[in-house]
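K.L.:
What follows is data_24.pdb; its format and atoms are PDB, C-alpha atoms and all ligand atoms.
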ATOM      1  CA  MET A  26      61.008  97.604  76.541
ATOM      2  CA  THR A  27      59.344  96.644  79.841
ATOM      3  CA  SER A  28      56.357  98.611  81.174
ATOM      4  CA  ALA A  29      58.614 100.013  83.930
ATOM      5  CA  GLU A  30      61.060 101.250  81.282
ATOM      6  CA  GLU A  31      58.213 102.841  79.315
ATOM      7  CA  PHE A  32      57.090 104.620  82.488
ATOM      8  CA  LEU A  33      60.639 105.829  83.262
ATOM      9  CA  ARG A  34      61.150 107.074  79.722
ATOM     10  CA  SER A  35      57.949 109.081  79.615
ATOM     11  CA  TYR A  36      58.407 110.388  83.191
ATOM     12  CA  HIS A  37      61.915 111.684  82.459
ATOM     13  CA  ASP A  38      61.058 112.902  78.946
ATOM     14  CA  ALA A  39      58.390 115.105  80.528
ATOM     15  CA  ARG A  40      60.907 116.439  83.106
ATOM     16  CA  PRO A  41      64.362 116.244  81.491
ATOM     17  CA  GLU A  42      66.291 118.150  84.180
ATOM     18  CA  ALA A  43      64.265 117.023  87.212
ATOM     19  CA  ALA A  44      66.552 114.225  88.453
ATOM     20  CA  SER A  45      69.716 116.330  88.476
ATOM     21  CA  GLU A  46      67.962 119.430  89.849
ATOM     22  CA  LEU A  47      66.655 117.329  92.727
ATOM     23  CA  ALA A  48      70.080 115.817  93.469
ATOM     24  CA  GLU A  49      71.748 119.232  93.279
ATOM     25  CA  ARG A  50      69.404 120.672  95.919
ATOM     26  CA  GLY A  51      71.265 118.559  98.482
ATOM     27  CA  ARG A  52      74.700 119.112 100.056
ATOM     28  CA  VAL A  53      76.845 116.169 101.110
ATOM     29  CA  VAL A  54      77.185 116.168 104.901
ATOM     30  CA  GLY A  55      80.767 116.897 106.002
ATOM     31  CA  ASP A  56      81.695 118.070 102.501
ATOM     32  CA  GLY A  57      79.250 120.753 101.392
ATOM     33  CA  ARG A  58      79.327 119.948  97.672
ATOM     34  CA  SER A  59      76.763 118.229  95.469
ATOM     35  CA  VAL A  60      76.538 114.450  95.391
ATOM     36  CA  TYR A  61      77.704 114.439  91.737
ATOM     37  CA  GLU A  62      80.946 116.225  92.686
ATOM     38  CA  VAL A  63      81.603 113.807  95.551
ATOM     39  CA  PHE A  64      80.706 110.709  93.516
ATOM     40  CA  ALA A  65      82.916 111.887  90.608
ATOM     41  CA  ASP A  66      85.830 112.260  93.052
ATOM     42  CA  ARG A  67      85.269 108.672  94.242
ATOM     43  CA  VAL A  68      85.301 107.437  90.632
ATOM     44  CA  VAL A  69      88.590 109.205  89.869
ATOM     45  CA  ALA A  70      90.154 108.011  93.153
ATOM     46  CA  ALA A  71      89.050 104.410  92.478
ATOM     47  CA  LYS A  72      91.063 104.385  89.274
ATOM     48  CA  GLY A  73      94.138 105.663  91.153
ATOM     49  CA  ASN A  74      93.665 102.947  93.803
ATOM     50  CA  THR A  75      93.582 100.107  91.295
ATOM     51  CA  ASP A  76      96.430 101.277  89.088
ATOM     52  CA  THR A  77     100.168 100.980  89.712
ATOM     53  CA  ASN A  78     100.304 104.664  88.802
ATOM     54  CA  THR A  79      98.380 106.201  91.728
ATOM     55  CA  GLU A  80      97.888 109.422  89.741
ATOM     56  CA  ALA A  81      96.034 107.446  87.042
ATOM     57  CA  LYS A  82      92.712 108.897  85.938
ATOM     58  CA  PRO A  83      89.901 107.179  84.072
ATOM     59  CA  GLN A  84      90.384 107.683  80.341
ATOM     60  CA  ALA A  85      87.078 106.345  79.027
ATOM     61  CA  VAL A  86      83.925 106.370  81.181
ATOM     62  CA  LEU A  87      80.427 105.065  80.405
ATOM     63  CA  ASP A  88      77.466 106.232  82.534
ATOM     64  CA  LEU A  89      74.492 103.834  82.510
ATOM     65  CA  GLY A  90      71.246 105.756  83.024
ATOM     66  CA  CYS A  91      73.122 109.039  82.555
ATOM     67  CA  GLY A  92      69.973 111.200  82.631
ATOM     68  CA  ASP A  93      70.761 114.809  81.673
ATOM     69  CA  GLY A  94      74.511 114.246  82.010
ATOM     70  CA  ALA A  95      75.200 115.949  85.370
ATOM     71  CA  LEU A  96      77.635 113.232  86.508
ATOM     72  CA  LEU A  97      79.328 112.982  83.099
ATOM     73  CA  ALA A  98      79.902 116.756  83.146
ATOM     74  CA  ALA A  99      81.522 116.465  86.596
ATOM     75  CA  LEU A 100      83.763 113.653  85.280
ATOM     76  CA  LYS A 101      84.699 115.601  82.159
ATOM     77  CA  THR A 102      85.814 118.568  84.277
ATOM     78  CA  ARG A 103      88.093 116.143  86.149
ATOM     79  CA  GLY A 104      90.011 115.475  82.941
ATOM     80  CA  VAL A 105      88.411 112.233  81.714
ATOM     81  CA  ALA A 106      89.259 112.121  78.008
ATOM     82  CA  LYS A 107      86.264 110.200  76.655
ATOM     83  CA  VAL A 108      82.803 110.196  78.237
ATOM     84  CA  ALA A 109      79.807 108.215  77.024
ATOM     85  CA  GLY A 110      76.275 107.885  78.353
ATOM     86  CA  LEU A 111      73.240 105.716  77.779
ATOM     87  CA  ASP A 112      69.660 106.393  78.791
ATOM     88  CA  LEU A 113      66.103 105.365  77.936
ATOM     89  CA  SER A 114      64.960 108.977  77.732
ATOM     90  CA  PRO A 115      65.714 110.983  74.560
ATOM     91  CA  GLY A 116      64.490 114.127  76.349
ATOM     92  CA  GLN A 117      67.184 113.818  78.991
ATOM     93  CA  LEU A 118      69.843 113.013  76.390
ATOM     94  CA  ALA A 119      68.878 116.206  74.525
ATOM     95  CA  ALA A 120      69.388 118.139  77.783
ATOM     96  CA  ALA A 121      72.767 116.423  78.263
ATOM     97  CA  ARG A 122      73.855 117.446  74.751
ATOM     98  CA  LYS A 123      73.287 121.099  75.690
ATOM     99  CA  ARG A 124      75.919 120.934  78.440
ATOM    100  CA  PRO A 125      79.093 122.678  77.241
ATOM    101  CA  GLU A 126      81.297 119.969  78.853
ATOM    102  CA  LEU A 127      79.561 117.243  76.857
ATOM    103  CA  GLY A 128      80.038 118.643  73.325
ATOM    104  CA  GLU A 129      82.033 115.567  72.285
ATOM    105  CA  ALA A 130      80.362 113.008  74.520
ATOM    106  CA  ASP A 131      79.019 109.812  72.971
ATOM    107  CA  LEU A 132      75.399 109.916  74.210
ATOM    108  CA  LYS A 133      73.097 107.125  73.111
ATOM    109  CA  GLU A 134      69.467 106.198  73.624
ATOM    110  CA  GLY A 135      69.048 102.574  74.600
ATOM    111  CA  ARG A 136      68.681  99.910  77.274
ATOM    112  CA  ALA A 137      71.489  98.937  79.609
ATOM    113  CA  GLN A 138      70.535  95.290  78.973
ATOM    114  CA  LYS A 139      71.928  95.617  75.428
ATOM    115  CA  LEU A 140      74.771  98.114  75.298
ATOM    116  CA  PRO A 141      75.546  99.695  71.914
ATOM    117  CA  PHE A 142      79.281  99.774  72.718
ATOM    118  CA  ALA A 143      82.254  97.565  71.801
ATOM    119  CA  ASP A 144      83.948  94.919  73.983
ATOM    120  CA  ASN A 145      86.578  96.426  76.356
ATOM    121  CA  GLU A 146      85.705  99.971  75.202
ATOM    122  CA  PHE A 147      85.813 101.566  78.677
ATOM    123  CA  ASP A 148      88.151 101.577  81.672
ATOM    124  CA  THR A 149      85.334 102.762  83.951
ATOM    125  CA  VAL A 150      81.571 102.227  84.063
ATOM    126  CA  VAL A 151      79.391 104.229  86.459
ATOM    127  CA  SER A 152      75.689 104.173  87.257
ATOM    128  CA  PHE A 153      74.172 106.680  89.647
ATOM    129  CA  MET A 154      70.657 106.077  91.026
ATOM    130  CA  ALA A 155      69.872 104.043  87.913
ATOM    131  CA  LEU A 156      71.089 100.415  88.207
ATOM    132  CA  MET A 157      68.603 100.033  91.072
ATOM    133  CA  LEU A 158      65.751 100.680  88.596
ATOM    134  CA  MET A 159      66.852  98.191  85.951
ATOM    135  CA  ALA A 160      65.106  94.946  85.061
ATOM    136  CA  ASP A 161      67.049  91.774  84.206
ATOM    137  CA  VAL A 162      70.034  93.074  86.108
ATOM    138  CA  GLU A 163      72.123  89.915  85.505
ATOM    139  CA  GLN A 164      72.035  90.788  81.813
ATOM    140  CA  VAL A 165      73.057  94.397  82.610
ATOM    141  CA  VAL A 166      76.012  93.136  84.672
ATOM    142  CA  ALA A 167      77.051  90.775  81.847
ATOM    143  CA  GLU A 168      76.984  93.715  79.430
ATOM    144  CA  VAL A 169      79.021  95.878  81.834
ATOM    145  CA  ALA A 170      81.629  93.098  82.102
ATOM    146  CA  ARG A 171      81.750  92.914  78.300
ATOM    147  CA  VAL A 172      82.311  96.643  77.617
ATOM    148  CA  LEU A 173      84.694  97.101  80.568
ATOM    149  CA  ALA A 174      88.369  96.308  79.943
ATOM    150  CA  PRO A 175      90.033  93.850  82.373
ATOM    151  CA  GLY A 176      91.118  95.713  85.513
ATOM    152  CA  GLY A 177      88.420  98.349  84.883
ATOM    153  CA  THR A 178      86.387 100.078  87.597
ATOM    154  CA  LEU A 179      82.633  99.856  88.203
ATOM    155  CA  ALA A 180      81.146 102.512  90.523
ATOM    156  CA  ILE A 181      77.468 102.397  91.498
ATOM    157  CA  GLY A 182      75.343 104.815  93.534
ATOM    158  CA  VAL A 183      72.064 103.493  94.989
ATOM    159  CA  GLY A 184      69.432 105.027  97.242
ATOM    160  CA  GLY A 185      69.870 104.077 100.894
ATOM    161  CA  GLY A 186      66.677 105.642 102.261
ATOM    162  CA  GLY A 187      65.586 108.924 103.813
ATOM    163  CA  ARG A 188      66.089 110.249 107.299
ATOM    164  CA  GLU A 189      64.280 112.796 109.474
ATOM    165  CA  ALA A 190      61.499 114.480 107.455
ATOM    166  CA  MET A 191      62.238 112.323 104.393
ATOM    167  CA  GLU A 192      61.659 109.187 106.456
ATOM    168  CA  VAL A 193      58.453 110.659 107.875
ATOM    169  CA  PHE A 194      57.266 111.501 104.348
ATOM    170  CA  LEU A 195      57.542 107.892 103.220
ATOM    171  CA  LYS A 196      55.714 106.673 106.341
ATOM    172  CA  VAL A 197      52.748 108.918 105.622
ATOM    173  CA  ALA A 198      52.873 108.472 101.834
ATOM    174  CA  ARG A 199      53.101 104.671 101.718
ATOM    175  CA  PRO A 200      49.470 103.966 102.699
ATOM    176  CA  LEU A 201      48.317 106.416  99.996
ATOM    177  CA  PHE A 202      50.566 104.884  97.332
ATOM    178  CA  ALA A 203      49.111 101.485  98.332
ATOM    179  CA  VAL A 204      45.499 102.465  97.567
ATOM    180  CA  VAL A 205      46.178 103.816  94.061
ATOM    181  CA  PRO A 206      44.146 101.647  91.649
ATOM    182  CA  GLN A 207      46.286  98.954  90.041
ATOM    183  CA  GLU A 208      45.966 100.412  86.538
ATOM    184  CA  ARG A 209      47.402 103.800  87.645
ATOM    185  CA  ARG A 210      50.304 102.427  89.717
ATOM    186  CA  VAL A 211      53.949 102.916  88.784
ATOM    187  CA  PRO A 212      55.203  99.563  87.450
ATOM    188  CA  VAL A 213      57.648  97.946  89.873
ATOM    189  CA  ALA A 214      61.188  98.620  88.685
ATOM    190  CA  GLY A 215      64.521  97.137  89.621
ATOM    191  CA  ASP A 216      65.989  94.288  91.598
ATOM    192  CA  PRO A 217      66.376  94.660  95.398
ATOM    193  CA  ARG A 218      69.801  92.962  95.248
ATOM    194  CA  THR A 219      71.208  96.134  93.673
ATOM    195  CA  ARG A 220      70.516  98.047  96.905
ATOM    196  CA  THR A 221      72.712  96.076  99.307
ATOM    197  CA  ARG A 222      76.385  95.256  99.508
ATOM    198  CA  GLU A 223      75.689  91.510  99.777
ATOM    199  CA  GLY A 224      73.205  91.609  96.898
ATOM    200  CA  LEU A 225      75.641  93.429  94.626
ATOM    201  CA  ASP A 226      78.397  90.924  95.447
ATOM    202  CA  GLN A 227      75.978  88.086  94.556
ATOM    203  CA  LEU A 228      75.313  89.730  91.196
ATOM    204  CA  LEU A 229      78.835  90.895  90.400
ATOM    205  CA  THR A 230      81.314  88.265  91.580
ATOM    206  CA  PRO A 231      80.016  85.484  89.228
ATOM    207  CA  LYS A 232      80.736  87.881  86.319
ATOM    208  CA  GLY A 233      84.362  88.375  87.409
ATOM    209  CA  PHE A 234      84.170  91.411  89.692
ATOM    210  CA  GLU A 235      85.942  91.719  93.051
ATOM    211  CA  PRO A 236      83.794  92.175  96.189
ATOM    212  CA  VAL A 237      82.578  95.780  96.316
ATOM    213  CA  GLY A 238      83.955  98.512  98.544
ATOM    214  CA  TRP A 239      81.042 100.241 100.270
ATOM    215  CA  GLU A 240      80.568 103.817 101.512
ATOM    216  CA  ARG A 241      77.479 105.593 102.768
ATOM    217  CA  ILE A 242      77.161 109.258 101.773
ATOM    218  CA  VAL A 243      74.548 111.344 103.590
ATOM    219  CA  VAL A 244      73.027 114.246 101.680
ATOM    220  CA  ASP A 245      71.416 117.128 103.578
ATOM    221  CA  PHE A 246      68.095 118.228 102.109
ATOM    222  CA  GLY A 247      67.041 120.366 105.093
ATOM    223  CA  GLY A 248      65.255 123.667 104.508
ATOM    224  CA  THR A 249      61.980 125.404 105.145
ATOM    225  CA  PRO A 250      59.015 123.034 105.507
ATOM    226  CA  ASP A 251      57.831 124.105 102.025
ATOM    227  CA  GLU A 252      61.232 123.344 100.485
ATOM    228  CA  VAL A 253      61.456 119.961 102.181
ATOM    229  CA  TRP A 254      57.910 119.075 101.124
ATOM    230  CA  GLN A 255      58.840 119.879  97.518
ATOM    231  CA  THR A 256      61.999 117.752  97.725
ATOM    232  CA  CYS A 257      60.067 114.796  99.164
ATOM    233  CA  HIS A 258      57.348 115.300  96.545
ATOM    234  CA  ASP A 259      59.925 115.276  93.732
ATOM    235  CA  SER A 260      61.771 112.217  95.097
ATOM    236  CA  TYR A 261      59.076 109.612  94.408
ATOM    237  CA  TYR A 262      57.837 108.532  90.997
ATOM    238  CA  GLN A 263      54.588 107.434  92.700
ATOM    239  CA  MET A 264      53.564 111.061  93.314
ATOM    240  CA  VAL A 265      52.331 111.288  89.696
ATOM    241  CA  THR A 266      49.755 108.604  90.483
ATOM    242  CA  LEU A 267      48.049 110.532  93.316
ATOM    243  CA  ASP A 268      45.039 112.676  92.536
ATOM    244  CA  GLU A 269      44.812 116.232  93.900
ATOM    245  CA  THR A 270      42.695 115.200  96.911
ATOM    246  CA  HIS A 271      45.207 112.555  97.991
ATOM    247  CA  LYS A 272      48.100 114.961  97.410
ATOM    248  CA  LYS A 273      46.432 117.587  99.611
ATOM    249  CA  GLY A 274      45.768 114.966 102.282
ATOM    250  CA  LEU A 275      49.387 113.842 102.130
ATOM    251  CA  ARG A 276      50.639 117.395 102.485
ATOM    252  CA  THR A 277      48.477 117.947 105.578
ATOM    253  CA  ALA A 278      49.570 114.632 107.110
ATOM    254  CA  PHE A 279      53.227 115.501 106.396
ATOM    255  CA  THR A 280      52.894 118.972 107.949
ATOM    256  CA  VAL A 281      51.320 117.527 111.103
ATOM    257  CA  ALA A 282      53.798 114.641 111.379
ATOM    258  CA  THR A 283      56.867 116.911 110.984
ATOM    259  CA  ARG A 284      55.660 119.821 113.128
ATOM    260  CA  ASN A 285      57.820 118.799 116.080
ATOM    261  CA  LEU A 286      60.914 118.563 113.867
ATOM    262  CA  VAL A 287      60.817 122.238 112.806
ATOM    263  CA  THR A 288      63.468 124.284 114.630
ATOM    264  CA  ALA A 289      62.930 127.727 116.182
ATOM    265  CA  GLU A 290      64.567 129.171 113.011
ATOM    266  CA  GLY A 291      61.840 127.503 110.925
ATOM    267  CA  ARG A 292      64.119 124.830 109.482
ATOM    268  CA  LEU A 293      63.082 121.235 108.918
ATOM    269  CA  ALA A 294      65.793 118.573 109.024
ATOM    270  CA  ALA A 295      65.819 116.115 106.110
ATOM    271  CA  SER A 296      68.482 113.946 104.557
ATOM    272  CA  ALA A 297      68.914 111.004 102.227
ATOM    273  CA  CYS A 298      71.547 108.271 102.150
ATOM    274  CA  ILE A 299      73.347 107.271  98.982
ATOM    275  CA  ASP A 300      75.312 104.023  99.133
ATOM    276  CA  VAL A 301      78.348 103.963  96.884
ATOM    277  CA  ALA A 302      79.722 100.586  95.768
ATOM    278  CA  VAL A 303      83.032 100.424  93.914
ATOM    279  CA  THR A 304      84.602  97.320  92.429
ATOM    280  CA  ARG A 305      87.092  96.190  89.806
ATOM    281  CA  LEU A 306      86.824  93.658  87.012
ATOM    282  CA  ARG A 307      89.539  91.030  87.481
TER     283      ARG A 307
HETATM  284  C1  LIG A 401      66.751 108.524  88.916
HETATM  285  S1  LIG A 401      67.256 108.781  87.268
HETATM  286  C2  LIG A 401      68.986 109.181  87.511
HETATM  287  C3  LIG A 401      69.589 109.874  86.325
HETATM  288  C4  LIG A 401      71.055 110.291  86.473
HETATM  289  N1  LIG A 401      71.926 109.146  86.709
HETATM  290  C5  LIG A 401      71.213 111.324  87.565
HETATM  291  O1  LIG A 401      71.599 110.961  88.683
HETATM  292  O2  LIG A 401      70.962 112.510  87.320
HETATM  293  C6  LIG A 401      67.332 107.117  86.620
HETATM  294  C7  LIG A 401      67.714 107.063  85.149
HETATM  295  O3  LIG A 401      67.943 105.701  84.762
HETATM  296  C8  LIG A 401      67.457 105.526  83.440
HETATM  297  N2  LIG A 401      67.236 104.098  83.228
HETATM  298  C9  LIG A 401      66.448 103.274  83.968
HETATM  299  N3  LIG A 401      66.474 102.015  83.474
HETATM  300  C10 LIG A 401      67.305 102.038  82.402
HETATM  301  C11 LIG A 401      67.741 101.055  81.464
HETATM  302  N4  LIG A 401      67.319  99.797  81.534
HETATM  303  N5  LIG A 401      68.614 101.426  80.503
HETATM  304  C12 LIG A 401      69.044 102.718  80.406
HETATM  305  N6  LIG A 401      68.664 103.696  81.266
HETATM  306  C13 LIG A 401      67.805 103.369  82.242
HETATM  307  C14 LIG A 401      66.186 106.384  83.430
HETATM  308  O4  LIG A 401      65.773 106.701  82.129
HETATM  309  C15 LIG A 401      66.635 107.598  84.240
HETATM  310  O5  LIG A 401      67.187 108.594  83.423
END
Would you mind writing the structure in this file as structure tokens?
P.N.:
Amino acid sequence: MTSAEEFLRSYHDARPEAASELAERGRVVGDGRSVYEVFADRVVAAKGNTDTNTEAKPQAVLDLGCGDGALLAALKTRGVAKVAGLDLSPGQLAAARKRPELGEADLKEGRAQKLPFADNEFDTVVSFMALMLMADVEQVVAEVARVLAPGGTLAIGVGGGGREAMEVFLKVARPLFAVVPQERRVPVAGDPRTRTREGLDQLLTPKGFEPVGWERIVVDFGGTPDEVWQTCHDSYYQMVTLDETHKKGLRTAFTVATRNLVTAEGRLAASACIDVAVTRLR
């Protein structure tokens, strides 16, 4: 396991439901539902688009970096027969096992670089806000191509950056993250190619995937200034590296920098972009 993977495992073990609770605070702009519901719809529709039977649904889905199973639960409620998930964090997998929808799910602890699943076992592989954190991503893609049956769907969700107060937060936080002593810093995780359409095509097409379809989903995280601060705070792994003095300083800087964005009703605008890439294995 890499040092970044060790960090991710202990971070998520200490906060098993944090990733899904954070995502579920947001509402997809123009839709009003959670990002898991919208992403799950895209996954089901992608199968219909690539099958001669347009009503076709995924039958066997693997979620790489499944966390506490929020996306798998949304897929199960859409009638997917077999759902499986893999994650580094046993704490999150334990939380996933408590979900009533996932009673029969095949949930395994492990690394996406070495999948404990058989060749051609799935017709769909998904990874939401997780592929972008993975080391040796060529190896992950090779493993996805191995477990995915020919003609199968791969759907990926990656972070596309914050807007409004979330963009301001990163501007004021970055200089503080940069002065954290080396030994306390969060190890760098992931490959930047996973965050762009061109980068994903570079990684995926040599392994037999078609060029990705690309859609940007915007998620509204607006609320009171306190709520938005908490959402920004919970969105960055690096926050655990700041001491209390730096955290207080960041909060003050954030409050000052966003003051002009607060509406007369006391609401602070904030949103985050999720880029959704969907492709098919030839
Ligand atoms: C930001 S969380 C997202 C979790 C979940 N997909 C969700 O949206 O609720 C990223 C997840 O990816 C997992 N992860 C990161 N690298 C991984 C790897 N190499 N193999 C398996 N899981 C990994 C982490 O343990 C973590 O649960």
K.L.:
Could you tell me which residues the PyMOL selection byres (((chain A and resi 105-121) around 8) and not hetatm) grabs in this file, written as a ChimeraX atom specification?
P.N.:
/A:30,33-35,37-42,82-95,97,100-104,122-124,127,130-137
K.L.:
Just say which residues the PyMOL selection byres (((chain A and resi 296) around 8) and not hetatm) picks in this file, as a list in words.
P.N.:
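Taken over the shown coordinates, the PyMOL selection byres (((chain A and resi 296) around 8) and not hetatm) returns Gly187, Arg188, Glu189, Ala190, Met191, Val243, Val244, Asp245, Phe246, Gly247, Ala294, Ala295, Ala297 and Cys298 of chain A.
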K.L.:
Rank A:Gln164, A:Thr266, A:Thr249, A:Thr283 by their smallest atom-to-atom distance to ligand LIG 401 (chain A), using all atoms listed in the file, and report the top residue only.
P.N.:
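That would be A:Gln164, the residue with the smallest distance to ligand LIG 401 (chain A).
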K.L.:
What's the separation between CA of Ser28 in chain A and CA of Ala48 in chain A, in Å to one decimal place?
P.N.:
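Those two atoms sit 25.2 Å apart.
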K.L.:
What do you get, as a PyMOL selection string, if you spell out every residue that the PyMOL selection byres (((chain A and resi 151-161) around 7) and not hetatm) selects here?
P.N.:
chain A and resi 87-90+149-150+162-165+179-184+214-216+219-220
K.L.:
Would you work out the distance separating CA of Gly55 in chain A from CA of Gly291 in chain A, expressed in Å to one decimal?
P.N.:
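Those two atoms sit 22.2 Å apart.
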K.L.:
Show me, as lines of an AutoDock Vina configuration file, the centre and edge lengths in Å to one decimal of the axis-aligned box that covers every listed atom of ligand LIG 401 (chain A) with 5 Å on each side.
P.N.:
center_x = 68.8
center_y = 106.2
center_z = 84.7
size_x = 16.2
size_y = 22.7
size_z = 18.5
K.L.:
Hey, which of A:Pro206, A:Pro141, A:Gly73, A:Pro231 ends up closest to ligand LIG 401 (chain A)? Count only C-alpha atoms and all ligand atoms.
P.N.:
A:Pro141
K.L.:
If we draw a sphere of 9 Å around (81.3, 96.2, 81.0), which residues have at least one atom in it when counting all atoms listed in the file? Please report them as a compact mmCIF listing (two decimals) with C-alpha atoms, in the coordinates of the input.
P.N.:
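Heads up, here's the output in part-v1.txt:
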# COMPACT_ATOMS: atom_id res chain seq x y z
CA LEU A 87 80.43 105.06 80.40
CA LEU A 140 74.77 98.11 75.30
CA ASP A 144 83.95 94.92 73.98
CA ASN A 145 86.58 96.43 76.36
CA GLU A 146 85.70 99.97 75.20
CA PHE A 147 85.81 101.57 78.68
CA ASP A 148 88.15 101.58 81.67
CA THR A 149 85.33 102.76 83.95
CA VAL A 150 81.57 102.23 84.06
CA VAL A 165 73.06 94.40 82.61
CA VAL A 166 76.01 93.14 84.67
CA ALA A 167 77.05 90.78 81.85
CA GLU A 168 76.98 93.72 79.43
CA VAL A 169 79.02 95.88 81.83
CA ALA A 170 81.63 93.10 82.10
CA ARG A 171 81.75 92.91 78.30
CA VAL A 172 82.31 96.64 77.62
CA LEU A 173 84.69 97.10 80.57
CA ALA A 174 88.37 96.31 79.94
CA GLY A 177 88.42 98.35 84.88
CA LEU A 179 82.63 99.86 88.20
CA LEU A 306 86.82 93.66 87.01
K.L.:
Need the shell around Ser59 in chain A: protein/DNA/RNA residues with any atom at most 9 Å away, counting all atoms listed in the file. Skip same-chain ones fewer than 5 positions apart. Format as a list in words?
P.N.:
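The residues satisfying every condition are Ala48, Glu49, Arg50, Gly51, Arg52, Val53, Phe64 and Val244 of chain A.
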K.L.:
I'd like to know which of A:Ala65, A:Pro212, A:Ser260, A:Pro236 is closest to Leu195 in chain A, using only C-alpha atoms.
P.N.:
A:Ser260
K.L.:
Given only C-alpha atoms and all ligand atoms as the basis, pick out the residue of A:Glu126, A:Gln138, A:Pro200, A:Thr256 nearest to ligand LIG 401 (chain A).
P.N.:
A:Gln138
K.L.:
How far is it from CA of Ile242 in chain A to CA of Val301 in chain A, in Å with one decimal?
P.N.:
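Distance reported for this atom pair: 7.3 Å.
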K.L.:
Name the closest residue to ligand LIG 401 (chain A) among the candidates A:Val303, A:Glu62, A:Pro125, A:Leu96; distances are taken between atoms, counting only C-alpha atoms and all ligand atoms.
P.N.:
A:Leu96
K.L.:
May I have the protein, DNA and RNA residues with any atom at most 9 Å from the point (87.3, 88.9, 89.5), counting only C-alpha atoms, written as a list in words?
P.N.:
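Looking at atoms near the point gives Gly176, Leu229, Thr230, Pro231, Lys232, Gly233, Phe234, Glu235, Pro236, Arg305, Leu306 and Arg307 of chain A.
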K.L.:
Write the residues of the selection above to a file with C-alpha atoms, as a short mmCIF file (atom, residue, chain, number, x, y, z; two decimals), keeping the file's coordinate frame.
P.N.:
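Output contents, as saved in again.cif:
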data_model
loop_
_atom_site.label_atom_id
_atom_site.label_comp_id
_atom_site.auth_asym_id
_atom_site.auth_seq_id
_atom_site.Cartn_x
_atom_site.Cartn_y
_atom_site.Cartn_z
CA GLY A 176 91.12 95.71 85.51
CA LEU A 229 78.83 90.90 90.40
CA THR A 230 81.31 88.26 91.58
CA PRO A 231 80.02 85.48 89.23
CA LYS A 232 80.74 87.88 86.32
CA GLY A 233 84.36 88.38 87.41
CA PHE A 234 84.17 91.41 89.69
CA GLU A 235 85.94 91.72 93.05
CA PRO A 236 83.79 92.18 96.19
CA ARG A 305 87.09 96.19 89.81
CA LEU A 306 86.82 93.66 87.01
CA ARG A 307 89.54 91.03 87.48
#
K.L.:
Go through A:Glu192, A:Lys72, A:Tyr262, A:Thr304 one by one, measure the shortest atom-to-atom distance of each to ligand LIG 401 (chain A) using all atoms listed in the file, and give the residue with the smallest value.
P.N.:
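Of A:Glu192, A:Lys72, A:Tyr262, A:Thr304, the one nearest ligand LIG 401 (chain A), counting all atoms listed in the file, is A:Tyr262.
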